[in-house]
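K.L.:
For reference, the structure I am asking about is given below.
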Amino acid sequence: MTGLERNADLVHMATYAPLFAHVEGWQWRPDMIWFDNLNSVRTVSYYVQQLYAQNKGTNVLPLTMKKKSVTVFDKDKVVLIVMVANTSNTAQSISLNFAGLKKQDVLSNGRCIKLRSLDLDKDNTLEQPFAITPQETAVSVEGHVFTTEQEPNTFAVYKFTKK
């Protein structure tokens, strides 16, 4: 999905397969939605897809990590969007320096939406449908620099309104 973000101005749709799996008869994992005859449950994969879909930028910005773009801008909402995945088993320090902004530009209304699991084998189930869901918190940015520590095995969407 991150590769699609780098082409946000060109890619308008994505798909996921397999989409549905019956809890008593399935062929492979991961699937996006599990169901039985009475219930259904969204998996962590569902929430990752949802976070990308709800935070789609209109333009790629030159914020880079290891020479690859990692941020997009939604020009309609005037929001900077940075998506970060920490796939390691240790916390990682993150420092986002928005040096390309003009001095008069102000970043405000910082939000962080995290999807996190301590157990990589755990997923939402019919018995525990909300075991892993996105959690949103406010974050603050000092000038044009945002610093935080991202927990292990975490996918985060950082959003800042540009004024």
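Letters A, B, ... go to the chains of the structure tokens in the order shown; residues in each chain start at 1; ligands are counted from 1 in the same order.
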Report as a ChimeraX atom specification: the residues of segment 17-104 of chain A with a DSSP assignment of helix (DSSP H, G or I), based on the backbone of this structure.

P.N.:
/A:44-54

K.L.:
Would you export the selected residues with N, CA, C and O atoms as a PDB file, in the first residue's frame, please?

P.N.:
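part_35.pdb written:
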```pdb
ATOM      1  N   VAL A  44      -7.414  -7.146  11.040  1.00  0.00           N
ATOM      2  CA  VAL A  44      -6.434  -6.066  11.060  1.00  0.00           C
ATOM      3  C   VAL A  44      -6.147  -5.606   9.632  1.00  0.00           C
ATOM      4  O   VAL A  44      -5.994  -4.412   9.376  1.00  0.00           O
ATOM      5  N   SER A  45      -6.117  -6.522   8.681  1.00  0.00           N
ATOM      6  CA  SER A  45      -5.920  -6.157   7.275  1.00  0.00           C
ATOM      7  C   SER A  45      -7.011  -5.200   6.799  1.00  0.00           C
ATOM      8  O   SER A  45      -6.745  -4.274   6.036  1.00  0.00           O
ATOM      9  N   TYR A  46      -8.229  -5.419   7.262  1.00  0.00           N
ATOM     10  CA  TYR A  46      -9.331  -4.512   6.918  1.00  0.00           C
ATOM     11  C   TYR A  46      -9.008  -3.097   7.393  1.00  0.00           C
ATOM     12  O   TYR A  46      -9.170  -2.124   6.659  1.00  0.00           O
ATOM     13  N   TYR A  47      -8.553  -2.987   8.649  1.00  0.00           N
ATOM     14  CA  TYR A  47      -8.281  -1.665   9.204  1.00  0.00           C
ATOM     15  C   TYR A  47      -7.106  -0.975   8.514  1.00  0.00           C
ATOM     16  O   TYR A  47      -7.108   0.239   8.344  1.00  0.00           O
ATOM     17  N   VAL A  48      -6.095  -1.736   8.106  1.00  0.00           N
ATOM     18  CA  VAL A  48      -4.984  -1.136   7.356  1.00  0.00           C
ATOM     19  C   VAL A  48      -5.503  -0.571   6.041  1.00  0.00           C
ATOM     20  O   VAL A  48      -5.209   0.580   5.683  1.00  0.00           O
ATOM     21  N   GLN A  49      -6.296  -1.344   5.318  1.00  0.00           N
ATOM     22  CA  GLN A  49      -6.878  -0.866   4.063  1.00  0.00           C
ATOM     23  C   GLN A  49      -7.732   0.377   4.306  1.00  0.00           C
ATOM     24  O   GLN A  49      -7.685   1.333   3.541  1.00  0.00           O
ATOM     25  N   GLN A  50      -8.512   0.364   5.386  1.00  0.00           N
ATOM     26  CA  GLN A  50      -9.374   1.490   5.706  1.00  0.00           C
ATOM     27  C   GLN A  50      -8.556   2.748   6.004  1.00  0.00           C
ATOM     28  O   GLN A  50      -8.896   3.837   5.541  1.00  0.00           O
ATOM     29  N   LEU A  51      -7.461   2.606   6.755  1.00  0.00           N
ATOM     30  CA  LEU A  51      -6.624   3.767   7.067  1.00  0.00           C
ATOM     31  C   LEU A  51      -6.025   4.375   5.802  1.00  0.00           C
ATOM     32  O   LEU A  51      -5.968   5.600   5.656  1.00  0.00           O
ATOM     33  N   TYR A  52      -5.578   3.546   4.895  1.00  0.00           N
ATOM     34  CA  TYR A  52      -5.062   4.071   3.629  1.00  0.00           C
ATOM     35  C   TYR A  52      -6.171   4.761   2.834  1.00  0.00           C
ATOM     36  O   TYR A  52      -5.971   5.834   2.278  1.00  0.00           O
ATOM     37  N   ALA A  53      -7.355   4.153   2.786  1.00  0.00           N
ATOM     38  CA  ALA A  53      -8.449   4.718   1.998  1.00  0.00           C
ATOM     39  C   ALA A  53      -8.943   6.041   2.577  1.00  0.00           C
ATOM     40  O   ALA A  53      -9.245   6.977   1.833  1.00  0.00           O
ATOM     41  N   GLN A  54      -8.996   6.141   3.892  1.00  0.00           N
ATOM     42  CA  GLN A  54      -9.511   7.352   4.516  1.00  0.00           C
ATOM     43  C   GLN A  54      -8.473   8.467   4.606  1.00  0.00           C
ATOM     44  O   GLN A  54      -8.809   9.585   4.957  1.00  0.00           O
TER      45      GLN A  54
END
```

K.L.:
Leaving out segment 101-113 of chain A and any residue of its chain fewer than 6 positions from it, which residues lie within 9 Å of it when counting only C-alpha atoms, given as a ChimeraX atom specification?

P.N.:
/A:51,79-80,134-144,155-163

K.L.:
How would the residues just picked look written out with C-alpha atoms as a PDB file, in the first residue's frame?

P.N.:
```pdb
ATOM      1  CA  LEU A  51      -6.624   3.767   7.067  1.00  0.00           C
ATOM      2  CA  VAL A  79      -3.506  18.215   5.515  1.00  0.00           C
ATOM      3  CA  LEU A  80      -0.043  16.639   5.546  1.00  0.00           C
ATOM      4  CA  PRO A 134      -7.275   1.879  15.151  1.00  0.00           C
ATOM      5  CA  GLN A 135      -6.806   4.244  18.106  1.00  0.00           C
ATOM      6  CA  GLU A 136      -6.684   7.998  17.531  1.00  0.00           C
ATOM      7  CA  THR A 137      -4.858  10.518  19.749  1.00  0.00           C
ATOM      8  CA  ALA A 138      -3.812  14.135  19.516  1.00  0.00           C
ATOM      9  CA  VAL A 139      -0.130  14.954  18.901  1.00  0.00           C
ATOM     10  CA  SER A 140       1.686  18.261  18.861  1.00  0.00           C
ATOM     11  CA  VAL A 141       4.387  19.545  16.573  1.00  0.00           C
ATOM     12  CA  GLU A 142       7.082  22.030  17.574  1.00  0.00           C
ATOM     13  CA  GLY A 143       7.497  24.481  14.709  1.00  0.00           C
ATOM     14  CA  HIS A 144       8.131  22.327  11.662  1.00  0.00           C
ATOM     15  CA  PHE A 155       1.277   1.111  11.766  1.00  0.00           C
ATOM     16  CA  ALA A 156       0.620   4.823  12.317  1.00  0.00           C
ATOM     17  CA  VAL A 157      -0.935   7.625  10.313  1.00  0.00           C
ATOM     18  CA  TYR A 158       0.204  11.109  11.366  1.00  0.00           C
ATOM     19  CA  LYS A 159      -1.905  14.020  10.129  1.00  0.00           C
ATOM     20  CA  PHE A 160      -1.172  17.742  10.450  1.00  0.00           C
ATOM     21  CA  THR A 161      -3.280  20.659   9.232  1.00  0.00           C
ATOM     22  CA  LYS A 162      -1.246  23.280   7.390  1.00  0.00           C
ATOM     23  CA  LYS A 163      -2.293  26.888   7.939  1.00  0.00           C
TER      24      LYS A 163
END
```

K.L.:
Nearest residue to Val23 of chain A out of A:Leu126, A:Leu118, A:Ala91, A:Val78, using only C-alpha atoms?

P.N.:
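For Val23 of chain A, the nearest of the given residues is A:Leu126.
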
K.L.:
Among segment 10-156 of chain A, which ones does DSSP assign to strand (DSSP E or B) (computed from the backbone)? Answer as a VMD selection string.

P.N.:
chain A and resid 20 to 22 25 33 to 35 40 to 42 59 to 65 68 to 74 79 to 86 92 to 97 107 to 116 135 to 138 142 145 to 150 154 to 156

K.L.:
Give me, as a VMD selection string, all polymer residues having an atom no more than 10 Å from Asn124 of chain A, counting only C-alpha atoms and skipping those fewer than 4 positions away in the same chain.

P.N.:
chain A and resid 33 to 34 41 to 45 128 to 133

K.L.:
Based on the selection just made, write C-alpha atoms of those residues as a PDB file, in the first residue's frame.

P.N.:
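Full text of part.pdb as output:
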```
ATOM      1  CA  ILE A  33     -13.491 -10.221   6.655  1.00  0.00           C
ATOM      2  CA  TRP A  34     -14.320 -13.447   8.512  1.00  0.00           C
ATOM      3  CA  VAL A  41     -15.652  -9.486  11.874  1.00  0.00           C
ATOM      4  CA  ARG A  42     -13.149  -7.044  10.358  1.00  0.00           C
ATOM      5  CA  THR A  43      -9.530  -8.175  10.494  1.00  0.00           C
ATOM      6  CA  VAL A  44      -6.434  -6.066  11.060  1.00  0.00           C
ATOM      7  CA  SER A  45      -5.920  -6.157   7.275  1.00  0.00           C
ATOM      8  CA  GLN A 128     -13.253 -10.691  20.121  1.00  0.00           C
ATOM      9  CA  PRO A 129     -14.182  -8.477  17.149  1.00  0.00           C
ATOM     10  CA  PHE A 130     -12.443  -5.357  18.515  1.00  0.00           C
ATOM     11  CA  ALA A 131      -9.198  -6.870  19.847  1.00  0.00           C
ATOM     12  CA  ILE A 132      -7.129  -4.761  17.417  1.00  0.00           C
ATOM     13  CA  THR A 133      -8.647  -1.545  16.087  1.00  0.00           C
TER      14      THR A 133
END
```

K.L.:
Pick from A:Ala17, A:Met32, A:Ala99, A:Val72: nearest to Asp123 of chain A, with only C-alpha atoms counted?

P.N.:
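When distances to Asp123 of chain A are compared using only C-alpha atoms, the smallest one comes from A:Met32.
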
K.L.:
At a cut-off of 10 Å, using only C-alpha atoms, what residues contact Ala85 of chain A? Leave out same-chain residues fewer than 5 positions from it and give the result as a VMD selection string.

P.N.:
chain A and resid 2 114 to 116 150 to 157

K.L.:
Restricting the output to N, CA and C atoms, write the selected residues as a compact mmCIF listing (two decimals), in the first residue's frame.

P.N.:
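Writing the result to out-v3.txt gives the following:
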```txt
# COMPACT_ATOMS: atom_id res chain seq x y z
N THR A 2 2.01 1.19 0.66
CA THR A 2 2.87 2.37 0.69
C THR A 2 3.34 2.71 -0.72
N LYS A 114 -3.24 4.96 15.27
CA LYS A 114 -2.35 3.79 15.37
C LYS A 114 -3.12 2.49 15.32
N LEU A 115 -2.49 1.53 14.67
CA LEU A 115 -2.98 0.16 14.64
C LEU A 115 -1.82 -0.67 15.14
N ARG A 116 -2.04 -1.38 16.26
CA ARG A 116 -0.91 -2.01 16.93
C ARG A 116 -1.32 -3.32 17.56
N GLN A 150 7.84 5.38 18.12
CA GLN A 150 6.80 4.47 17.67
C GLN A 150 7.04 3.09 18.24
N GLU A 151 5.98 2.56 18.84
CA GLU A 151 6.06 1.25 19.46
C GLU A 151 6.34 0.15 18.43
N PRO A 152 6.80 -1.01 18.90
CA PRO A 152 7.03 -2.13 17.98
C PRO A 152 5.73 -2.59 17.32
N ASN A 153 5.86 -3.14 16.13
CA ASN A 153 4.73 -3.73 15.40
C ASN A 153 3.54 -2.79 15.33
N THR A 154 3.80 -1.58 14.86
CA THR A 154 2.78 -0.54 14.82
C THR A 154 2.72 0.10 13.45
N PHE A 155 1.51 0.32 12.97
CA PHE A 155 1.28 1.11 11.77
C PHE A 155 0.61 2.39 12.24
N ALA A 156 1.16 3.55 11.85
CA ALA A 156 0.62 4.82 12.32
C ALA A 156 0.42 5.79 11.15
N VAL A 157 -0.65 6.55 11.25
CA VAL A 157 -0.94 7.62 10.31
C VAL A 157 -0.86 8.92 11.11
```

K.L.:
May I ask which of the residues A:Pro30, A:Phe73, A:Thr87, A:Asn39 is the closest one to Lys122 of chain A, counting only C-alpha atoms?

P.N.:
A:Pro30

K.L.:
So what do you get for atom CA of Leu10 of chain A versus atom CA of Val84 of chain A, distance-wise?

P.N.:
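Computing the Euclidean distance for atom CA of Leu10 of chain A and atom CA of Val84 of chain A yields 21.2 Å.
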
K.L.:
Please measure the separation of atom CA of Phe98 of chain A and atom CA of Asn86 of chain A, giving the value in Å to one decimal.

P.N.:
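It comes out at 20.4 Å.
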
K.L.:
Find, counting only C-alpha atoms, the residue in A:Ser93, A:Thr125, A:Ser88, A:Asn55 that gets nearest to Asp76 of chain A.

P.N.:
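Nearest candidate to Asp76 of chain A out of A:Ser93, A:Thr125, A:Ser88, A:Asn55: A:Asn55.
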
K.L.:
Mind pulling up the distance from atom CA of Gln27 of chain A to atom CA of Ser40 of chain A?

P.N.:
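So the two atoms, atom CA of Ser40 of chain A and atom CA of Gln27 of chain A, lie 17.6 Å apart.
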